file input21.csv (CSV, C-alpha atoms)
chain,number,residue,atom,x,y,z
A,1,MET,CA,27.1,168.6,270.7
A,2,PRO,CA,25.3,171.9,271.4
A,3,ILE,CA,21.5,172.0,270.6
A,4,HIS,CA,20.7,175.3,269.0
A,5,VAL,CA,17.4,177.0,269.2
A,6,PHE,CA,15.7,179.4,266.6
A,7,ARG,CA,12.4,181.1,267.3
A,8,ALA,CA,10.2,183.2,265.1
A,9,THR,CA,6.8,184.8,265.8
A,10,GLN,CA,4.4,186.4,263.4
A,11,ILE,CA,0.9,188.0,263.8
A,12,VAL,CA,-1.3,187.4,260.8
A,13,PRO,CA,-4.5,189.4,260.3
A,14,ALA,CA,-6.4,186.2,259.3
A,15,PRO,CA,-8.5,183.7,261.3
A,16,ILE,CA,-6.7,180.7,262.7
A,17,LEU,CA,-8.5,178.2,260.4
A,18,GLU,CA,-7.5,180.2,257.3
A,19,CYS,CA,-3.8,180.2,258.5
A,20,TRP,CA,-4.0,176.6,259.4
A,21,ALA,CA,-5.4,175.7,256.0
A,22,PHE,CA,-2.5,177.4,254.3
A,23,PHE,CA,0.3,176.1,256.5
A,24,SER,CA,-1.0,172.5,256.7
A,25,ASP,CA,-1.1,172.2,252.9
A,26,PRO,CA,2.4,171.1,252.0
A,27,ARG,CA,1.9,172.2,248.4
A,28,ASN,CA,2.4,175.8,249.7
A,29,LEU,CA,5.9,175.2,250.9
A,30,ALA,CA,7.5,176.6,247.8
A,31,GLU,CA,5.5,179.9,248.1
A,32,ILE,CA,7.2,180.6,251.5
A,33,THR,CA,10.7,179.5,250.6
A,34,PRO,CA,13.3,181.8,249.2
A,35,LYS,CA,13.9,181.3,245.5
A,36,ALA,CA,17.7,181.3,246.2
A,37,LEU,CA,17.3,177.9,247.9
A,38,ASP,CA,16.2,176.4,244.6
A,39,PHE,CA,13.5,174.5,246.5
A,40,GLN,CA,12.1,171.5,244.4
A,41,VAL,CA,9.6,169.1,245.8
A,42,ARG,CA,10.2,165.5,244.8
A,43,SER,CA,7.3,163.9,246.5
A,44,GLU,CA,3.7,163.7,245.5
A,45,LEU,CA,1.9,166.0,248.0
A,46,PRO,CA,-1.6,165.6,249.4
A,47,PRO,CA,-3.6,168.7,250.3
A,48,VAL,CA,-3.2,168.2,254.0
A,49,ILE,CA,-0.3,167.1,256.2
A,50,GLN,CA,-0.7,164.0,258.4
A,51,PRO,CA,1.4,162.2,261.0
A,52,GLY,CA,3.9,159.9,259.4
A,53,MET,CA,3.9,161.8,256.1
A,54,MET,CA,7.3,162.1,254.4
A,55,ILE,CA,8.2,165.0,252.1
A,56,GLU,CA,11.3,164.8,250.0
A,57,TYR,CA,12.7,167.9,248.3
A,58,ARG,CA,15.9,169.2,246.9
A,59,VAL,CA,17.3,172.4,248.3
A,60,ARG,CA,20.5,174.4,248.3
A,61,PRO,CA,20.6,175.5,251.9
A,62,LEU,CA,24.2,176.5,252.2
A,63,LEU,CA,26.7,177.9,249.7
A,64,GLY,CA,24.5,176.8,246.8
A,65,VAL,CA,25.3,173.1,247.4
A,66,PRO,CA,22.3,170.9,246.3
A,67,MET,CA,21.1,168.3,248.7
A,68,THR,CA,18.1,166.1,249.4
A,69,TRP,CA,16.1,167.0,252.5
A,70,LEU,CA,13.6,164.4,253.7
A,71,THR,CA,11.1,165.7,256.3
A,72,GLU,CA,8.7,163.6,258.4
A,73,ILE,CA,5.6,165.2,259.8
A,74,THR,CA,5.6,163.6,263.3
A,75,HIS,CA,2.8,165.3,265.1
A,76,VAL,CA,-0.4,167.1,264.0
A,77,GLU,CA,-3.0,168.7,266.2
A,78,PRO,CA,-5.4,170.2,263.6
A,79,GLY,CA,-5.9,173.9,263.9
A,80,ARG,CA,-3.2,174.1,266.7
A,81,ARG,CA,0.2,172.8,265.9
A,82,PHE,CA,2.4,170.4,263.8
A,83,VAL,CA,5.9,169.2,264.0
A,84,ASP,CA,8.3,168.4,261.2
A,85,GLU,CA,11.6,166.6,261.7
A,86,GLN,CA,14.4,166.1,259.2
A,87,ARG,CA,15.3,162.5,258.5
A,88,VAL,CA,17.9,163.3,255.8
A,89,GLY,CA,19.4,166.6,255.1
A,90,PRO,CA,22.0,169.2,256.1
A,91,TYR,CA,21.5,169.1,259.9
A,92,ALA,CA,22.4,166.3,262.3
A,93,ILE,CA,19.1,167.0,264.0
A,94,TRP,CA,16.2,169.3,263.0
A,95,HIS,CA,13.0,169.5,265.0
A,96,HIS,CA,10.5,172.3,263.9
A,97,GLU,CA,7.3,173.0,265.8
A,98,HIS,CA,4.7,175.3,264.2
A,99,THR,CA,2.1,176.6,266.7
A,100,PHE,CA,-1.0,178.6,265.8
A,101,THR,CA,-2.9,180.6,268.4
A,102,ALA,CA,-6.2,182.5,267.8
A,103,LEU,CA,-6.0,186.2,268.8
A,104,ALA,CA,-8.7,188.8,269.3
A,105,GLY,CA,-10.0,190.5,266.1
A,106,GLY,CA,-9.7,187.4,263.9
A,107,ARG,CA,-5.9,187.4,264.0
A,108,THR,CA,-3.5,184.5,264.4
A,109,GLU,CA,-0.2,184.2,266.1
A,110,ILE,CA,2.2,181.8,264.3
A,111,ARG,CA,5.2,180.6,266.3
A,112,ASP,CA,8.1,178.6,265.1
A,113,LEU,CA,10.4,176.8,267.5
A,114,VAL,CA,13.3,175.0,265.9
A,115,HIS,CA,15.8,172.8,267.8
A,116,TYR,CA,18.8,171.8,265.6
A,117,VAL,CA,22.2,170.3,265.9
A,118,LEU,CA,24.9,170.9,263.3
A,119,PRO,CA,27.0,168.2,261.6
A,120,PHE,CA,30.8,168.2,261.7
A,121,GLY,CA,31.1,168.6,265.5
A,122,TRP,CA,33.3,171.6,266.5
A,123,LEU,CA,33.7,172.7,262.9
A,124,GLY,CA,29.9,173.0,262.4
A,125,ASN,CA,29.6,175.0,265.6
A,126,LEU,CA,32.5,177.2,264.6
A,127,VAL,CA,30.6,178.4,261.5
A,128,HIS,CA,27.2,178.5,263.2
A,129,PRO,CA,27.2,182.2,263.9
A,130,PHE,CA,28.6,183.2,260.5
A,131,LEU,CA,26.8,180.9,258.1
A,132,VAL,CA,23.8,179.1,259.8
A,133,VAL,CA,22.3,181.8,261.9
A,134,PRO,CA,22.2,184.5,259.1
A,135,GLU,CA,20.8,181.9,256.7
A,136,LEU,CA,18.0,180.9,259.1
A,137,ARG,CA,17.2,184.6,259.7
A,138,ARG,CA,17.0,185.2,255.9
A,139,ILE,CA,14.8,182.2,255.3
A,140,PHE,CA,12.4,183.1,258.1
A,141,ALA,CA,12.4,186.8,257.1
A,142,PHE,CA,11.4,185.8,253.5
A,143,ARG,CA,8.7,183.5,254.9
A,144,GLU,CA,7.3,186.4,257.1
A,145,LYS,CA,7.2,188.7,254.1
A,146,ALA,CA,5.6,186.0,251.9
A,147,VAL,CA,2.9,185.3,254.6
A,148,ARG,CA,2.2,189.1,254.9
A,149,GLU,CA,1.7,189.3,251.1
A,150,ARG,CA,-0.4,186.1,251.1
A,151,PHE,CA,-2.7,187.4,253.8
A,152,GLY,CA,-2.9,190.9,252.6
A,153,VAL,CA,-0.9,192.7,255.2

call {"tool": "encode", "arguments": {"input": "input21.csv", "output": "structure tokens"}}
result
Amino acid sequence: MPIHVFRATQIVPAPILECWAFFSDPRNLAEITPKALDFQVRSELPPVIQPGMMIEYRVRPLLGVPMTWLTEITHVEPGRRFVDEQRVGPYAIWHHEHTFTALAGGRTEIRDLVHYVLPFGWLGNLVHPFLVVPELRRIFAFREKAVRERFGV
């Protein structure tokens, strides 16, 4: 059961509190998710994430197959980091840490660190480089572009 790791980093020309306000509002998830995933929130969302919060949505993450994805926000350090973990969804394990670091000039570094395990044992790992990695790259590239547009880059 290999544990895969995906990392992404983005520098945003906005202060950390402005970035935090955007990313910690779960109502903004759809704005940074590719339309092709047919992302549909099924939970009532408060304006700010909090530990223990569950978010349910429908998504088509692979080959257009619809599925429910249930995420729990497990850790929140306001203005610094939060962690979401999949409880139900396409992965056997999904642990996503979002970290925010203030930089000089009112900029913010946003880092994503994702640890994940694929379902279906050896078969899941066989398709990992051909299906999963390219899809994750597309999703995070879309998010980077959406964040650039959102913060006027």

call {"tool": "atom_distance", "arguments": {"input": "input21.csv", "atom1": "atom CA of Arg60 of chain A", "atom2": "atom CA of Ala36 of chain A"}}
result
7.7 Å

call {"tool": "residues_around", "arguments": {"input": "input21.csv", "residues": "Glu72 of chain A", "least_positions_apart": "2", "cutoff": "6 Å", "atoms": "all atoms listed in the file", "output": "ChimeraX atom specification"}}
result
/A:53-54,74,84-85

call {"tool": "residues_around", "arguments": {"input": "input21.csv", "residues": "Thr101 of chain A", "least_positions_apart": "2", "cutoff": "7 Å", "atoms": "all atoms listed in the file", "output": "list in words"}}
result
Ile16, Arg80, Thr99, Leu103, Thr108, Glu109 and Ile110 of chain A

call {"tool": "atom_distance", "arguments": {"input": "input21.csv", "atom1": "atom CA of Pro78 of chain A", "atom2": "atom CA of Leu37 of chain A"}}
result
28.7 Å

call {"tool": "residues_around", "arguments": {"input": "input21.csv", "residues": "Ile55 of chain A", "least_positions_apart": "2", "cutoff": "9 Å", "atoms": "all atoms listed in the file", "output": "NGL selection string"}}
result
:A and (26 or 41-45 or 53 or 57 or 69-73)

call {"tool": "residues_around", "arguments": {"input": "input21.csv", "residues": "Phe151 of chain A", "least_positions_apart": "6", "cutoff": "9 Å", "atoms": "all atoms listed in the file", "output": "number ranges by chain"}}
result
A: 12-14, 19

call {"tool": "atom_distance", "arguments": {"input": "input21.csv", "atom1": "atom CA of Pro15 of chain A", "atom2": "atom CA of Arg107 of chain A"}}
result
5.3 Å

call {"tool": "closest_residue", "arguments": {"input": "input21.csv", "among": "A:Thr9, A:Gln50, A:Thr33, A:Gln40", "to": "Val83 of chain A", "atoms": "all atoms listed in the file"}}
result
A:Gln50

call {"tool": "residues_around", "arguments": {"input": "input21.csv", "residues": "segment 134-137 of chain A", "least_positions_apart": "3", "cutoff": "9 Å", "atoms": "all atoms listed in the file", "output": "list in words"}}
result
Phe6, Ala8, Pro61, Leu62, His128, Pro129, Phe130, Leu131, Phe140, Ala141 and Phe142 of chain A

call {"tool": "closest_residue", "arguments": {"input": "input21.csv", "among": "A:Ala146, A:Leu17, A:Val133, A:Leu126", "to": "Gly79 of chain A", "atoms": "all atoms listed in the file"}}
result
A:Leu17

call {"tool": "closest_residue", "arguments": {"input": "input21.csv", "among": "A:Val48, A:Arg58, A:Leu118, A:Gly64", "to": "Ala21 of chain A", "atoms": "all atoms listed in the file"}}
result
A:Val48

call {"tool": "closest_residue", "arguments": {"input": "input21.csv", "among": "A:Arg150, A:Gln86, A:Arg111, A:Ala104", "to": "Glu18 of chain A", "atoms": "all atoms listed in the file"}}
result
A:Arg150

call {"tool": "closest_residue", "arguments": {"input": "input21.csv", "among": "A:Ala92, A:Val65, A:Ile32, A:Val76", "to": "Trp20 of chain A", "atoms": "all atoms listed in the file"}}
result
A:Val76

call {"tool": "closest_residue", "arguments": {"input": "input21.csv", "among": "A:Glu149, A:Asp25, A:Glu77, A:Asp112", "to": "Pro47 of chain A", "atoms": "only C-alpha atoms"}}
result
A:Asp25

call {"tool": "build_atoms", "arguments": {"input": "input21.csv", "residues": "segment 104-138 of chain A", "atoms": "N, CA and C atoms", "output": "PDB file, in the coordinates of the input"}}
result
ATOM      1  N   ALA A 104      -7.533 187.979 269.416  1.00  0.00           N
ATOM      2  CA  ALA A 104      -8.700 188.800 269.300  1.00  0.00           C
ATOM      3  C   ALA A 104      -8.696 189.499 267.887  1.00  0.00           C
ATOM      4  N   GLY A 105      -9.866 189.793 267.405  1.00  0.00           N
ATOM      5  CA  GLY A 105     -10.000 190.500 266.100  1.00  0.00           C
ATOM      6  C   GLY A 105      -9.745 189.623 264.924  1.00  0.00           C
ATOM      7  N   GLY A 106      -9.861 188.312 265.079  1.00  0.00           N
ATOM      8  CA  GLY A 106      -9.700 187.400 263.900  1.00  0.00           C
ATOM      9  C   GLY A 106      -8.265 187.263 263.471  1.00  0.00           C
ATOM     10  N   ARG A 107      -7.312 187.570 264.340  1.00  0.00           N
ATOM     11  CA  ARG A 107      -5.900 187.400 264.000  1.00  0.00           C
ATOM     12  C   ARG A 107      -5.348 186.117 264.520  1.00  0.00           C
ATOM     13  N   THR A 108      -4.179 185.748 264.027  1.00  0.00           N
ATOM     14  CA  THR A 108      -3.500 184.500 264.400  1.00  0.00           C
ATOM     15  C   THR A 108      -2.055 184.761 264.717  1.00  0.00           C
ATOM     16  N   GLU A 109      -1.593 184.212 265.822  1.00  0.00           N
ATOM     17  CA  GLU A 109      -0.200 184.200 266.100  1.00  0.00           C
ATOM     18  C   GLU A 109       0.430 182.906 265.635  1.00  0.00           C
ATOM     19  N   ILE A 110       1.465 183.006 264.818  1.00  0.00           N
ATOM     20  CA  ILE A 110       2.200 181.800 264.300  1.00  0.00           C
ATOM     21  C   ILE A 110       3.545 181.821 264.966  1.00  0.00           C
ATOM     22  N   ARG A 111       3.856 180.746 265.661  1.00  0.00           N
ATOM     23  CA  ARG A 111       5.200 180.600 266.300  1.00  0.00           C
ATOM     24  C   ARG A 111       5.913 179.438 265.755  1.00  0.00           C
ATOM     25  N   ASP A 112       7.187 179.652 265.528  1.00  0.00           N
ATOM     26  CA  ASP A 112       8.100 178.600 265.100  1.00  0.00           C
ATOM     27  C   ASP A 112       9.128 178.392 266.178  1.00  0.00           C
ATOM     28  N   LEU A 113       9.341 177.152 266.547  1.00  0.00           N
ATOM     29  CA  LEU A 113      10.400 176.800 267.500  1.00  0.00           C
ATOM     30  C   LEU A 113      11.191 175.684 266.850  1.00  0.00           C
ATOM     31  N   VAL A 114      12.452 175.973 266.564  1.00  0.00           N
ATOM     32  CA  VAL A 114      13.300 175.000 265.900  1.00  0.00           C
ATOM     33  C   VAL A 114      14.472 174.648 266.828  1.00  0.00           C
ATOM     34  N   HIS A 115      14.641 173.367 267.070  1.00  0.00           N
ATOM     35  CA  HIS A 115      15.800 172.800 267.800  1.00  0.00           C
ATOM     36  C   HIS A 115      16.652 172.138 266.698  1.00  0.00           C
ATOM     37  N   TYR A 116      17.936 172.435 266.656  1.00  0.00           N
ATOM     38  CA  TYR A 116      18.800 171.800 265.600  1.00  0.00           C
ATOM     39  C   TYR A 116      20.190 171.605 266.154  1.00  0.00           C
ATOM     40  N   VAL A 117      20.811 170.590 265.574  1.00  0.00           N
ATOM     41  CA  VAL A 117      22.200 170.300 265.900  1.00  0.00           C
ATOM     42  C   VAL A 117      22.922 170.244 264.523  1.00  0.00           C
ATOM     43  N   LEU A 118      24.083 170.857 264.495  1.00  0.00           N
ATOM     44  CA  LEU A 118      24.900 170.900 263.300  1.00  0.00           C
ATOM     45  C   LEU A 118      25.739 169.681 263.091  1.00  0.00           C
ATOM     46  N   PRO A 119      26.016 169.327 261.843  1.00  0.00           N
ATOM     47  CA  PRO A 119      27.000 168.200 261.600  1.00  0.00           C
ATOM     48  C   PRO A 119      28.405 168.735 261.783  1.00  0.00           C
ATOM     49  N   PHE A 120      29.333 167.866 261.693  1.00  0.00           N
ATOM     50  CA  PHE A 120      30.800 168.200 261.700  1.00  0.00           C
ATOM     51  C   PHE A 120      31.307 168.666 263.025  1.00  0.00           C
ATOM     52  N   GLY A 121      30.607 168.342 264.129  1.00  0.00           N
ATOM     53  CA  GLY A 121      31.100 168.600 265.500  1.00  0.00           C
ATOM     54  C   GLY A 121      31.545 170.074 265.668  1.00  0.00           C
ATOM     55  N   TRP A 122      32.763 170.264 266.166  1.00  0.00           N
ATOM     56  CA  TRP A 122      33.300 171.600 266.500  1.00  0.00           C
ATOM     57  C   TRP A 122      33.327 172.513 265.281  1.00  0.00           C
ATOM     58  N   LEU A 123      33.589 171.928 264.110  1.00  0.00           N
ATOM     59  CA  LEU A 123      33.700 172.700 262.900  1.00  0.00           C
ATOM     60  C   LEU A 123      32.319 173.341 262.538  1.00  0.00           C
ATOM     61  N   GLY A 124      31.279 172.514 262.624  1.00  0.00           N
ATOM     62  CA  GLY A 124      29.900 173.000 262.400  1.00  0.00           C
ATOM     63  C   GLY A 124      29.557 174.122 263.339  1.00  0.00           C
ATOM     64  N   ASN A 125      29.919 173.955 264.595  1.00  0.00           N
ATOM     65  CA  ASN A 125      29.600 175.000 265.600  1.00  0.00           C
ATOM     66  C   ASN A 125      30.451 176.226 265.425  1.00  0.00           C
ATOM     67  N   LEU A 126      31.622 176.078 264.864  1.00  0.00           N
ATOM     68  CA  LEU A 126      32.500 177.200 264.600  1.00  0.00           C
ATOM     69  C   LEU A 126      31.845 178.156 263.555  1.00  0.00           C
ATOM     70  N   VAL A 127      31.234 177.578 262.516  1.00  0.00           N
ATOM     71  CA  VAL A 127      30.600 178.400 261.500  1.00  0.00           C
ATOM     72  C   VAL A 127      29.171 178.776 261.766  1.00  0.00           C
ATOM     73  N   HIS A 128      28.616 178.242 262.833  1.00  0.00           N
ATOM     74  CA  HIS A 128      27.200 178.500 263.200  1.00  0.00           C
ATOM     75  C   HIS A 128      26.854 179.976 263.178  1.00  0.00           C
ATOM     76  N   PRO A 129      27.579 180.841 263.903  1.00  0.00           N
ATOM     77  CA  PRO A 129      27.200 182.200 263.900  1.00  0.00           C
ATOM     78  C   PRO A 129      27.384 183.001 262.623  1.00  0.00           C
ATOM     79  N   PHE A 130      28.259 182.504 261.769  1.00  0.00           N
ATOM     80  CA  PHE A 130      28.600 183.200 260.500  1.00  0.00           C
ATOM     81  C   PHE A 130      27.856 182.742 259.310  1.00  0.00           C
ATOM     82  N   LEU A 131      27.469 181.467 259.302  1.00  0.00           N
ATOM     83  CA  LEU A 131      26.800 180.900 258.100  1.00  0.00           C
ATOM     84  C   LEU A 131      25.340 180.498 258.455  1.00  0.00           C
ATOM     85  N   VAL A 132      25.155 179.727 259.499  1.00  0.00           N
ATOM     86  CA  VAL A 132      23.800 179.100 259.800  1.00  0.00           C
ATOM     87  C   VAL A 132      22.840 180.141 260.295  1.00  0.00           C
ATOM     88  N   VAL A 133      23.213 180.881 261.322  1.00  0.00           N
ATOM     89  CA  VAL A 133      22.300 181.800 261.900  1.00  0.00           C
ATOM     90  C   VAL A 133      21.811 182.881 260.889  1.00  0.00           C
ATOM     91  N   PRO A 134      22.722 183.504 260.141  1.00  0.00           N
ATOM     92  CA  PRO A 134      22.200 184.500 259.100  1.00  0.00           C
ATOM     93  C   PRO A 134      21.344 183.843 258.078  1.00  0.00           C
ATOM     94  N   GLU A 135      21.649 182.617 257.683  1.00  0.00           N
ATOM     95  CA  GLU A 135      20.800 181.900 256.700  1.00  0.00           C
ATOM     96  C   GLU A 135      19.422 181.660 257.224  1.00  0.00           C
ATOM     97  N   LEU A 136      19.333 181.168 258.453  1.00  0.00           N
ATOM     98  CA  LEU A 136      18.000 180.900 259.100  1.00  0.00           C
ATOM     99  C   LEU A 136      17.234 182.239 259.182  1.00  0.00           C
ATOM    100  N   ARG A 137      17.899 183.303 259.555  1.00  0.00           N
ATOM    101  CA  ARG A 137      17.200 184.600 259.700  1.00  0.00           C
ATOM    102  C   ARG A 137      16.694 185.048 258.289  1.00  0.00           C
ATOM    103  N   ARG A 138      17.490 184.847 257.245  1.00  0.00           N
ATOM    104  CA  ARG A 138      17.000 185.200 255.900  1.00  0.00           C
ATOM    105  C   ARG A 138      15.830 184.382 255.465  1.00  0.00           C
TER     106      ARG A 138
END
